[in-house]
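run-v2.csv follows; it contains CSV, N, CA, C and O atoms.
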chain,number,residue,atom,x,y,z
U,269,MET,N,-123.5,63.0,-33.1
U,269,MET,CA,-123.2,62.6,-34.5
U,269,MET,C,-124.4,61.7,-34.9
U,269,MET,O,-124.7,60.7,-34.3
U,270,GLY,N,-125.1,62.0,-35.9
U,270,GLY,CA,-126.2,61.2,-36.5
U,270,GLY,C,-125.7,60.3,-37.5
U,270,GLY,O,-124.8,60.6,-38.3
U,271,ILE,N,-126.2,59.1,-37.6
U,271,ILE,CA,-125.9,58.2,-38.6
U,271,ILE,C,-126.8,58.3,-39.7
U,271,ILE,O,-128.1,58.2,-39.5
U,272,ARG,N,-126.3,58.5,-40.9
U,272,ARG,CA,-127.2,58.7,-42.1
U,272,ARG,C,-126.9,57.5,-43.1
U,272,ARG,O,-126.3,57.7,-44.1
U,273,PHE,N,-127.4,56.4,-42.8
U,273,PHE,CA,-127.2,55.2,-43.6
U,273,PHE,C,-127.9,55.4,-45.0
U,273,PHE,O,-127.2,55.1,-46.0
U,274,PRO,N,-129.1,55.9,-45.1
U,274,PRO,CA,-129.7,56.1,-46.4
U,274,PRO,C,-128.9,57.0,-47.3
U,274,PRO,O,-128.7,56.7,-48.5
U,275,SER,N,-128.3,58.1,-46.8
U,275,SER,CA,-127.5,59.0,-47.6
U,275,SER,C,-126.2,58.4,-48.0
U,275,SER,O,-125.8,58.5,-49.1
U,276,MET,N,-125.6,57.5,-47.1
U,276,MET,CA,-124.4,56.9,-47.5
U,276,MET,C,-124.6,55.8,-48.6
U,276,MET,O,-123.8,55.7,-49.5
U,277,ILE,N,-125.7,55.1,-48.5
U,277,ILE,CA,-126.0,54.1,-49.5
U,277,ILE,C,-126.3,54.8,-50.8
U,277,ILE,O,-125.9,54.4,-51.9
U,278,LEU,N,-127.1,55.9,-50.8
U,278,LEU,CA,-127.4,56.7,-52.0
U,278,LEU,C,-126.1,57.1,-52.7
U,278,LEU,O,-125.9,57.0,-53.9
U,279,ASN,N,-125.2,57.7,-51.9
U,279,ASN,CA,-123.9,58.2,-52.4
U,279,ASN,C,-123.0,57.1,-52.9
U,279,ASN,O,-122.4,57.2,-53.9
U,280,ALA,N,-123.1,55.9,-52.2
U,280,ALA,CA,-122.3,54.7,-52.7
U,280,ALA,C,-122.9,54.3,-54.0
U,280,ALA,O,-122.2,53.9,-54.9
U,281,LYS,N,-124.2,54.3,-54.1
U,281,LYS,CA,-124.9,53.9,-55.4
U,281,LYS,C,-124.5,54.8,-56.5
U,281,LYS,O,-124.3,54.4,-57.6
U,282,GLN,N,-124.5,56.1,-56.2
U,282,GLN,CA,-124.1,57.1,-57.2
U,282,GLN,C,-122.7,56.9,-57.7
U,282,GLN,O,-122.3,56.9,-58.9
U,283,SER,N,-121.8,56.6,-56.7
U,283,SER,CA,-120.4,56.3,-57.0
U,283,SER,C,-120.3,55.0,-57.9
U,283,SER,O,-119.6,54.9,-58.9
U,284,LEU,N,-121.1,54.0,-57.5
U,284,LEU,CA,-121.2,52.8,-58.3
U,284,LEU,C,-121.7,53.1,-59.7
U,284,LEU,O,-121.1,52.5,-60.7
U,285,LYS,N,-122.7,53.9,-59.9
U,285,LYS,CA,-123.2,54.2,-61.2
U,285,LYS,C,-122.2,54.9,-62.0
U,285,LYS,O,-122.0,54.6,-63.2
U,286,GLN,N,-121.4,55.8,-61.4
U,286,GLN,CA,-120.4,56.5,-62.1
U,286,GLN,C,-119.3,55.5,-62.5
U,286,GLN,O,-118.8,55.6,-63.7
U,287,GLN,N,-119.0,54.6,-61.7
U,287,GLN,CA,-117.9,53.6,-62.0
U,287,GLN,C,-118.4,52.6,-63.1
U,287,GLN,O,-117.6,52.2,-63.9
U,288,SER,N,-119.7,52.3,-63.1
U,288,SER,CA,-120.2,51.4,-64.1
U,288,SER,C,-120.1,52.0,-65.5
U,288,SER,O,-120.0,51.3,-66.5
U,289,LEU,N,-120.2,53.3,-65.6
U,289,LEU,CA,-120.0,53.9,-66.9
U,289,LEU,C,-118.6,53.7,-67.5
U,289,LEU,O,-118.5,53.7,-68.7
U,290,THR,N,-117.6,53.6,-66.6
U,290,THR,CA,-116.3,53.4,-67.1
U,290,THR,C,-115.7,52.0,-66.7
U,290,THR,O,-114.6,51.8,-66.7
U,291,ARG,N,-116.6,51.0,-66.5
U,291,ARG,CA,-116.3,49.7,-66.1
U,291,ARG,C,-115.3,49.0,-67.0
U,291,ARG,O,-114.3,48.4,-66.5
U,292,ASN,N,-115.5,49.1,-68.3
U,292,ASN,CA,-114.6,48.5,-69.2
U,292,ASN,C,-113.2,49.0,-69.1
U,292,ASN,O,-112.2,48.3,-69.3
U,293,GLN,N,-113.0,50.3,-68.8
U,293,GLN,CA,-111.7,50.9,-68.7
U,293,GLN,C,-111.0,50.6,-67.4
U,293,GLN,O,-109.8,50.6,-67.3
U,294,THR,N,-111.8,50.4,-66.3
U,294,THR,CA,-111.2,50.2,-65.0
U,294,THR,C,-111.1,48.7,-64.6
U,294,THR,O,-110.5,48.5,-63.5
U,295,GLY,N,-111.7,47.8,-65.3
U,295,GLY,CA,-111.6,46.4,-64.9
U,295,GLY,C,-112.5,46.0,-63.8
U,295,GLY,O,-112.2,45.1,-63.1
U,296,VAL,N,-113.6,46.7,-63.5
U,296,VAL,CA,-114.5,46.4,-62.4
U,296,VAL,C,-115.7,45.6,-63.0
U,296,VAL,O,-116.4,46.2,-63.8
U,297,PRO,N,-115.8,44.4,-62.6
U,297,PRO,CA,-116.9,43.6,-63.2
U,297,PRO,C,-118.3,44.1,-62.7
U,297,PRO,O,-118.4,44.7,-61.6
U,298,LYS,N,-119.3,43.8,-63.4
U,298,LYS,CA,-120.7,44.1,-63.0
U,298,LYS,C,-121.0,43.5,-61.7
U,298,LYS,O,-120.6,42.4,-61.4
U,299,GLY,N,-121.6,44.3,-60.8
U,299,GLY,CA,-122.0,43.9,-59.5
U,299,GLY,C,-120.9,44.1,-58.5
U,299,GLY,O,-121.0,43.6,-57.3
U,300,HIS,N,-119.9,44.8,-58.8
U,300,HIS,CA,-118.8,45.1,-57.9
U,300,HIS,C,-118.5,46.6,-57.9
U,300,HIS,O,-118.9,47.3,-58.8
U,301,ILE,N,-117.7,47.0,-57.0
U,301,ILE,CA,-117.3,48.4,-56.9
U,301,ILE,C,-115.8,48.4,-56.5
U,301,ILE,O,-115.3,47.6,-55.7
U,302,ALA,N,-115.1,49.4,-57.0
U,302,ALA,CA,-113.7,49.6,-56.6
U,302,ALA,C,-113.6,50.5,-55.5
U,302,ALA,O,-114.3,51.5,-55.5
U,303,VAL,N,-112.8,50.2,-54.5
U,303,VAL,CA,-112.5,51.1,-53.3
U,303,VAL,C,-111.0,51.2,-53.1
U,303,VAL,O,-110.3,50.3,-53.5
U,304,TYR,N,-110.6,52.3,-52.6
U,304,TYR,CA,-109.2,52.5,-52.2
U,304,TYR,C,-109.1,52.4,-50.7
U,304,TYR,O,-109.9,53.1,-50.0
U,305,VAL,N,-108.2,51.6,-50.3
U,305,VAL,CA,-108.0,51.4,-48.8
U,305,VAL,C,-106.6,51.7,-48.4
U,305,VAL,O,-105.6,51.3,-49.1
U,306,GLY,N,-106.5,52.2,-47.2
U,306,GLY,CA,-105.2,52.5,-46.6
U,306,GLY,C,-105.2,53.8,-45.9
U,306,GLY,O,-106.0,54.7,-46.2
U,307,GLU,N,-104.3,53.9,-44.9
U,307,GLU,CA,-104.2,55.1,-44.1
U,307,GLU,C,-103.2,56.1,-44.7
U,307,GLU,O,-103.5,57.3,-44.7
U,308,ILE,N,-102.2,55.6,-45.3
U,308,ILE,CA,-101.2,56.5,-45.9
U,308,ILE,C,-101.1,56.1,-47.4
U,308,ILE,O,-101.5,56.9,-48.3
U,309,GLN,N,-100.6,54.9,-47.7
U,309,GLN,CA,-100.6,54.4,-49.1
U,309,GLN,C,-102.0,53.8,-49.4
U,309,GLN,O,-102.5,53.1,-48.5
U,310,ARG,N,-102.5,54.1,-50.5
U,310,ARG,CA,-103.9,53.6,-50.8
U,310,ARG,C,-103.7,52.4,-51.9
U,310,ARG,O,-103.0,52.6,-52.8
U,311,LYS,N,-104.4,51.3,-51.6
U,311,LYS,CA,-104.4,50.2,-52.5
U,311,LYS,C,-105.9,50.0,-53.0
U,311,LYS,O,-106.8,50.1,-52.2
U,312,ARG,N,-106.0,49.7,-54.3
U,312,ARG,CA,-107.3,49.5,-54.9
U,312,ARG,C,-107.8,48.0,-54.7
U,312,ARG,O,-107.1,47.1,-54.9
U,313,PHE,N,-109.0,47.9,-54.2
U,313,PHE,CA,-109.7,46.6,-54.1
U,313,PHE,C,-111.0,46.6,-54.8
U,313,PHE,O,-111.7,47.7,-54.9
U,314,VAL,N,-111.4,45.5,-55.3
U,314,VAL,CA,-112.7,45.4,-56.0
U,314,VAL,C,-113.6,44.4,-55.2
U,314,VAL,O,-113.2,43.3,-54.9
U,315,VAL,N,-114.7,44.9,-54.7
U,315,VAL,CA,-115.6,44.1,-53.8
U,315,VAL,C,-117.0,44.1,-54.3
U,315,VAL,O,-117.4,45.0,-55.1
U,316,PRO,N,-117.8,43.0,-54.0
U,316,PRO,CA,-119.2,43.0,-54.4
U,316,PRO,C,-120.0,44.1,-53.8
U,316,PRO,O,-119.8,44.5,-52.6
U,317,ILE,N,-120.9,44.6,-54.5
U,317,ILE,CA,-121.8,45.7,-54.0
U,317,ILE,C,-122.6,45.2,-52.8
U,317,ILE,O,-123.1,46.1,-52.0
U,318,SER,N,-122.8,43.9,-52.7
U,318,SER,CA,-123.6,43.4,-51.6
U,318,SER,C,-123.0,43.8,-50.2
U,318,SER,O,-123.7,43.9,-49.2
U,319,TYR,N,-121.7,44.0,-50.2
U,319,TYR,CA,-121.0,44.4,-49.0
U,319,TYR,C,-121.4,45.7,-48.5
U,319,TYR,O,-121.3,46.0,-47.3
U,320,LEU,N,-122.0,46.6,-49.3
U,320,LEU,CA,-122.4,47.9,-48.9
U,320,LEU,C,-123.5,47.9,-47.9
U,320,LEU,O,-123.7,48.9,-47.2
U,321,LYS,N,-124.2,46.8,-47.8
U,321,LYS,CA,-125.4,46.8,-46.9
U,321,LYS,C,-125.0,46.2,-45.5
U,321,LYS,O,-125.7,46.2,-44.6
U,322,HIS,N,-123.8,45.6,-45.4
U,322,HIS,CA,-123.4,44.9,-44.2
U,322,HIS,C,-123.0,46.0,-43.1
U,322,HIS,O,-122.3,46.9,-43.4
U,323,PRO,N,-123.5,45.8,-41.9
U,323,PRO,CA,-123.2,46.8,-40.8
U,323,PRO,C,-121.7,47.1,-40.6
U,323,PRO,O,-121.3,48.2,-40.4
U,324,SER,N,-120.8,46.1,-40.7
U,324,SER,CA,-119.4,46.4,-40.6
U,324,SER,C,-118.9,47.2,-41.7
U,324,SER,O,-118.0,48.1,-41.5
U,325,PHE,N,-119.3,47.0,-42.9
U,325,PHE,CA,-118.9,47.8,-44.0
U,325,PHE,C,-119.5,49.2,-43.9
U,325,PHE,O,-118.8,50.2,-44.3
U,326,LEU,N,-120.7,49.3,-43.5
U,326,LEU,CA,-121.3,50.6,-43.3
U,326,LEU,C,-120.6,51.4,-42.2
U,326,LEU,O,-120.4,52.6,-42.4
U,327,HIS,N,-120.0,50.8,-41.2
U,327,HIS,CA,-119.2,51.5,-40.3
U,327,HIS,C,-117.9,52.1,-41.0
U,327,HIS,O,-117.6,53.2,-40.7
U,328,LEU,N,-117.3,51.3,-41.9
U,328,LEU,CA,-116.2,51.9,-42.7
U,328,LEU,C,-116.6,53.1,-43.5
U,328,LEU,O,-115.9,54.0,-43.7
U,329,LEU,N,-117.8,53.0,-44.1
U,329,LEU,CA,-118.4,54.1,-44.9
U,329,LEU,C,-118.6,55.3,-44.1
U,329,LEU,O,-118.3,56.4,-44.5
U,330,CYS,N,-119.0,55.1,-42.8
U,330,CYS,CA,-119.2,56.2,-41.9
U,330,CYS,C,-117.8,56.9,-41.6
U,330,CYS,O,-117.7,58.1,-41.6
U,331,ARG,N,-116.8,56.1,-41.4
U,331,ARG,CA,-115.5,56.7,-41.2
U,331,ARG,C,-115.0,57.4,-42.4
U,331,ARG,O,-114.4,58.5,-42.3
U,332,ALA,N,-115.3,56.9,-43.6
U,332,ALA,CA,-114.9,57.5,-44.8
U,332,ALA,C,-115.6,58.9,-45.0
U,332,ALA,O,-115.0,59.9,-45.3
U,333,GLU,N,-116.9,58.9,-44.6
U,333,GLU,CA,-117.7,60.1,-44.7
U,333,GLU,C,-117.1,61.2,-43.7
U,333,GLU,O,-117.0,62.4,-44.0
U,334,GLU,N,-116.8,60.7,-42.5
U,334,GLU,CA,-116.2,61.7,-41.5
U,334,GLU,C,-114.9,62.3,-42.0
U,334,GLU,O,-114.6,63.4,-41.7
U,335,GLU,N,-114.1,61.4,-42.6
U,335,GLU,CA,-112.7,61.9,-43.0
U,335,GLU,C,-112.7,62.7,-44.3
U,335,GLU,O,-112.1,63.7,-44.4
U,336,PHE,N,-113.5,62.2,-45.3
U,336,PHE,CA,-113.4,62.8,-46.6
U,336,PHE,C,-114.7,63.6,-47.0
U,336,PHE,O,-114.7,64.2,-48.1
U,337,GLY,N,-115.8,63.4,-46.3
U,337,GLY,CA,-117.1,63.9,-46.8
U,337,GLY,C,-117.4,63.0,-48.0
U,337,GLY,O,-117.3,61.8,-47.9
U,338,PHE,N,-117.8,63.6,-49.1
U,338,PHE,CA,-118.1,62.8,-50.3
U,338,PHE,C,-117.2,63.3,-51.4
U,338,PHE,O,-117.4,63.2,-52.6
U,339,ASN,N,-116.0,63.9,-51.0
U,339,ASN,CA,-115.0,64.3,-52.0
U,339,ASN,C,-113.8,63.4,-51.8
U,339,ASN,O,-113.0,63.6,-50.9
U,340,TYR,N,-113.7,62.3,-52.6
U,340,TYR,CA,-112.7,61.3,-52.4
U,340,TYR,C,-111.4,61.7,-53.2
U,340,TYR,O,-111.4,62.0,-54.4
U,341,PRO,N,-110.3,61.7,-52.5
U,341,PRO,CA,-109.0,62.2,-53.1
U,341,PRO,C,-108.5,61.3,-54.2
U,341,PRO,O,-107.8,61.7,-55.1
U,342,MET,N,-108.9,60.0,-54.2
U,342,MET,CA,-108.4,59.1,-55.2
U,342,MET,C,-109.4,59.1,-56.4
U,342,MET,O,-109.1,58.3,-57.4
U,343,GLY,N,-110.4,59.8,-56.4
U,343,GLY,CA,-111.4,59.8,-57.5
U,343,GLY,C,-112.4,58.7,-57.3
U,343,GLY,O,-113.3,58.5,-58.2
U,344,GLY,N,-112.3,57.8,-56.3
U,344,GLY,CA,-113.2,56.7,-56.1
U,344,GLY,C,-113.4,56.6,-54.6
U,344,GLY,O,-112.8,57.4,-53.8
U,345,LEU,N,-114.3,55.7,-54.2
U,345,LEU,CA,-114.6,55.5,-52.8
U,345,LEU,C,-113.3,55.2,-52.0
U,345,LEU,O,-112.6,54.2,-52.3
U,346,THR,N,-112.9,56.0,-51.1
U,346,THR,CA,-111.7,55.8,-50.3
U,346,THR,C,-112.0,55.5,-48.9
U,346,THR,O,-112.8,56.2,-48.2
U,347,ILE,N,-111.5,54.4,-48.3
U,347,ILE,CA,-111.8,54.0,-47.0
U,347,ILE,C,-110.5,54.1,-46.1
U,347,ILE,O,-109.5,53.5,-46.4
U,348,PRO,N,-110.6,54.9,-45.1
U,348,PRO,CA,-109.4,55.2,-44.2
U,348,PRO,C,-109.2,54.1,-43.1
U,348,PRO,O,-109.6,54.3,-42.0
U,349,CYS,N,-108.7,52.9,-43.5
U,349,CYS,CA,-108.4,51.9,-42.5
U,349,CYS,C,-107.2,51.2,-43.1
U,349,CYS,O,-106.8,51.3,-44.2
U,350,SER,N,-106.6,50.3,-42.2
U,350,SER,CA,-105.4,49.6,-42.7
U,350,SER,C,-105.9,48.5,-43.7
U,350,SER,O,-107.0,48.0,-43.6
U,351,GLU,N,-105.0,48.1,-44.6
U,351,GLU,CA,-105.3,47.1,-45.5
U,351,GLU,C,-105.6,45.8,-44.8
U,351,GLU,O,-106.5,45.0,-45.2
U,352,ASP,N,-104.9,45.5,-43.7
U,352,ASP,CA,-105.1,44.2,-42.9
U,352,ASP,C,-106.5,44.2,-42.4
U,352,ASP,O,-107.2,43.2,-42.4
U,353,THR,N,-107.0,45.3,-41.8
U,353,THR,CA,-108.3,45.4,-41.3
U,353,THR,C,-109.4,45.2,-42.4
U,353,THR,O,-110.3,44.4,-42.2
U,354,PHE,N,-109.1,45.8,-43.5
U,354,PHE,CA,-110.1,45.7,-44.7
U,354,PHE,C,-110.1,44.2,-45.2
U,354,PHE,O,-111.2,43.7,-45.4
U,355,ILE,N,-108.9,43.6,-45.3
U,355,ILE,CA,-108.9,42.2,-45.8
U,355,ILE,C,-109.5,41.3,-44.8
U,355,ILE,O,-110.3,40.4,-45.2
U,356,GLU,N,-109.3,41.5,-43.5
U,356,GLU,CA,-110.0,40.7,-42.5
U,356,GLU,C,-111.5,40.8,-42.6
U,356,GLU,O,-112.2,39.8,-42.6
U,357,LEU,N,-112.0,42.0,-42.7
U,357,LEU,CA,-113.4,42.3,-42.8
U,357,LEU,C,-114.0,41.6,-44.1
U,357,LEU,O,-115.0,40.9,-44.0
U,358,THR,N,-113.4,41.8,-45.2
U,358,THR,CA,-114.0,41.3,-46.5
U,358,THR,C,-113.9,39.8,-46.5
U,358,THR,O,-114.7,39.1,-47.1
U,359,SER,N,-112.9,39.2,-45.8
U,359,SER,CA,-112.7,37.8,-45.7
U,359,SER,C,-113.9,37.2,-44.9
U,359,SER,O,-114.5,36.2,-45.3
U,360,ARG,N,-114.2,37.9,-43.8
U,360,ARG,CA,-115.4,37.4,-43.1
U,360,ARG,C,-116.7,37.5,-43.9
U,360,ARG,O,-117.6,36.7,-43.8
U,361,LEU,N,-116.8,38.6,-44.6
U,361,LEU,CA,-118.1,38.8,-45.4
U,361,LEU,C,-118.2,37.8,-46.5
U,361,LEU,O,-119.3,37.4,-46.8
U,362,SER,N,-117.1,37.4,-47.1
U,362,SER,CA,-117.2,36.5,-48.2
U,362,SER,C,-117.5,35.1,-47.7
U,362,SER,O,-118.0,34.3,-48.5
U,363,HIS,N,-117.2,34.8,-46.4
U,363,HIS,CA,-117.6,33.5,-45.9
U,363,HIS,C,-118.9,33.4,-45.2
U,363,HIS,O,-119.3,32.3,-44.7
U,364,SER,N,-119.6,34.5,-45.1
U,364,SER,CA,-120.9,34.5,-44.4
U,364,SER,C,-122.0,34.4,-45.4
U,364,SER,O,-121.9,34.5,-46.6

Write out the structure in this file as structure tokens.
Amino acid sequence: MGIRFPSMILNAKQSLKQQSLTRNQTGVPKGHIAVYVGEIQRKRFVVPISYLKHPSFLHLLCRAEEEFGFNYPMGGLTIPCSEDTFIELTSRLSHS
């Protein structure tokens, strides 16, 4: 399995660009991206785009790519992990 960070970042940026076009309708502030998190039930979170460069977040993006490719069932970036895991990760990122 090869890791393709540049393609993941490019696809995340494209997703962000797509979301920025509808930002006023979705409530996503500039500089943030909406992601859907959960293994069964999906919950929407809005996170800063700076998280996309962090190695731990990139690991989640790799898992998302493995599970969904780049066809996201929720219409936005979907991350297949538990909400608790995601909240713990974003909590650490916000304090670093």

Pick out the residues sitting within 12 Å of Tyr319 in chain U, and hand them over as a compact mmCIF listing (two decimals) with N, CA, C and O atoms, in the frame of the given file; count only C-alpha atoms, and ignore anything fewer than 3 positions along from it in its own chain.
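So part-v3.txt came out as:
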# COMPACT_ATOMS: atom_id res chain seq x y z
N ILE U 277 -125.70 55.10 -48.50
CA ILE U 277 -126.00 54.10 -49.50
C ILE U 277 -126.30 54.80 -50.80
O ILE U 277 -125.90 54.40 -51.90
N ALA U 280 -123.10 55.90 -52.20
CA ALA U 280 -122.30 54.70 -52.70
C ALA U 280 -122.90 54.30 -54.00
O ALA U 280 -122.20 53.90 -54.90
N GLY U 299 -121.60 44.30 -60.80
CA GLY U 299 -122.00 43.90 -59.50
C GLY U 299 -120.90 44.10 -58.50
O GLY U 299 -121.00 43.60 -57.30
N HIS U 300 -119.90 44.80 -58.80
CA HIS U 300 -118.80 45.10 -57.90
C HIS U 300 -118.50 46.60 -57.90
O HIS U 300 -118.90 47.30 -58.80
N ILE U 301 -117.70 47.00 -57.00
CA ILE U 301 -117.30 48.40 -56.90
C ILE U 301 -115.80 48.40 -56.50
O ILE U 301 -115.30 47.60 -55.70
N ALA U 302 -115.10 49.40 -57.00
CA ALA U 302 -113.70 49.60 -56.60
C ALA U 302 -113.60 50.50 -55.50
O ALA U 302 -114.30 51.50 -55.50
N VAL U 303 -112.80 50.20 -54.50
CA VAL U 303 -112.50 51.10 -53.30
C VAL U 303 -111.00 51.20 -53.10
O VAL U 303 -110.30 50.30 -53.50
N VAL U 314 -111.40 45.50 -55.30
CA VAL U 314 -112.70 45.40 -56.00
C VAL U 314 -113.60 44.40 -55.20
O VAL U 314 -113.20 43.30 -54.90
N VAL U 315 -114.70 44.90 -54.70
CA VAL U 315 -115.60 44.10 -53.80
C VAL U 315 -117.00 44.10 -54.30
O VAL U 315 -117.40 45.00 -55.10
N PRO U 316 -117.80 43.00 -54.00
CA PRO U 316 -119.20 43.00 -54.40
C PRO U 316 -120.00 44.10 -53.80
O PRO U 316 -119.80 44.50 -52.60
N HIS U 322 -123.80 45.60 -45.40
CA HIS U 322 -123.40 44.90 -44.20
C HIS U 322 -123.00 46.00 -43.10
O HIS U 322 -122.30 46.90 -43.40
N PRO U 323 -123.50 45.80 -41.90
CA PRO U 323 -123.20 46.80 -40.80
C PRO U 323 -121.70 47.10 -40.60
O PRO U 323 -121.30 48.20 -40.40
N SER U 324 -120.80 46.10 -40.70
CA SER U 324 -119.40 46.40 -40.60
C SER U 324 -118.90 47.20 -41.70
O SER U 324 -118.00 48.10 -41.50
N PHE U 325 -119.30 47.00 -42.90
CA PHE U 325 -118.90 47.80 -44.00
C PHE U 325 -119.50 49.20 -43.90
O PHE U 325 -118.80 50.20 -44.30
N LEU U 326 -120.70 49.30 -43.50
CA LEU U 326 -121.30 50.60 -43.30
C LEU U 326 -120.60 51.40 -42.20
O LEU U 326 -120.40 52.60 -42.40
N HIS U 327 -120.00 50.80 -41.20
CA HIS U 327 -119.20 51.50 -40.30
C HIS U 327 -117.90 52.10 -41.00
O HIS U 327 -117.60 53.20 -40.70
N LEU U 328 -117.30 51.30 -41.90
CA LEU U 328 -116.20 51.90 -42.70
C LEU U 328 -116.60 53.10 -43.50
O LEU U 328 -115.90 54.00 -43.70
N LEU U 329 -117.80 53.00 -44.10
CA LEU U 329 -118.40 54.10 -44.90
C LEU U 329 -118.60 55.30 -44.10
O LEU U 329 -118.30 56.40 -44.50
N PHE U 354 -109.10 45.80 -43.50
CA PHE U 354 -110.10 45.70 -44.70
C PHE U 354 -110.10 44.20 -45.20
O PHE U 354 -111.20 43.70 -45.40
N LEU U 357 -112.00 42.00 -42.70
CA LEU U 357 -113.40 42.30 -42.80
C LEU U 357 -114.00 41.60 -44.10
O LEU U 357 -115.00 40.90 -44.00
N THR U 358 -113.40 41.80 -45.20
CA THR U 358 -114.00 41.30 -46.50
C THR U 358 -113.90 39.80 -46.50
O THR U 358 -114.70 39.10 -47.10
N SER U 359 -112.90 39.20 -45.80
CA SER U 359 -112.70 37.80 -45.70
C SER U 359 -113.90 37.20 -44.90
O SER U 359 -114.50 36.20 -45.30
N ARG U 360 -114.20 37.90 -43.80
CA ARG U 360 -115.40 37.40 -43.10
C ARG U 360 -116.70 37.50 -43.90
O ARG U 360 -117.60 36.70 -43.80
N LEU U 361 -116.80 38.60 -44.60
CA LEU U 361 -118.10 38.80 -45.40
C LEU U 361 -118.20 37.80 -46.50
O LEU U 361 -119.30 37.40 -46.80
N SER U 362 -117.10 37.40 -47.10
CA SER U 362 -117.20 36.50 -48.20
C SER U 362 -117.50 35.10 -47.70
O SER U 362 -118.00 34.30 -48.50
N HIS U 363 -117.20 34.80 -46.40
CA HIS U 363 -117.60 33.50 -45.90
C HIS U 363 -118.90 33.40 -45.20
O HIS U 363 -119.30 32.30 -44.70
N SER U 364 -119.60 34.50 -45.10
CA SER U 364 -120.90 34.50 -44.40
C SER U 364 -122.00 34.40 -45.40
O SER U 364 -121.90 34.50 -46.60

### Query
So how far away is CA of Tyr304 in chain U from CA of Gly344 in chain U, in Å?
7.0 Å

### Task
Would you mind reading off the distance between CA of Gly295 in chain U and CA of Leu320 in chain U, one decimal, in Å?
19.4 Å

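Going from atom N of Lys298 in chain U over to atom O of Glu356 in chain U, you cover 22.3 Å.
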
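Nearest to Thr346 in chain U of all the residues U:Cys330, U:Ile317, U:Val296, U:Val305 is U:Val305, counting only C-alpha atoms.
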
### Task
If you run DSSP over the backbone, which residues in range 300-344 of chain U end up strand (DSSP E or B)? Put them as a PyMOL selection string.
chain U and resi 300-305+311-316

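The shortest atom-to-atom distance to Gly306 in chain U, with only N, CA, C and O atoms taken into account, belongs to U:Glu351 out of U:Leu345, U:Glu351, U:Ser318, U:Glu335.
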
### Task
Go ahead and find all residues with at least one atom no further than 5 Å from (-108.8, 52.4, -43.9) in the file's coordinates, using only N, CA, C and O atoms; report them as a ChimeraX atom specification.
/U:306-307,347-350
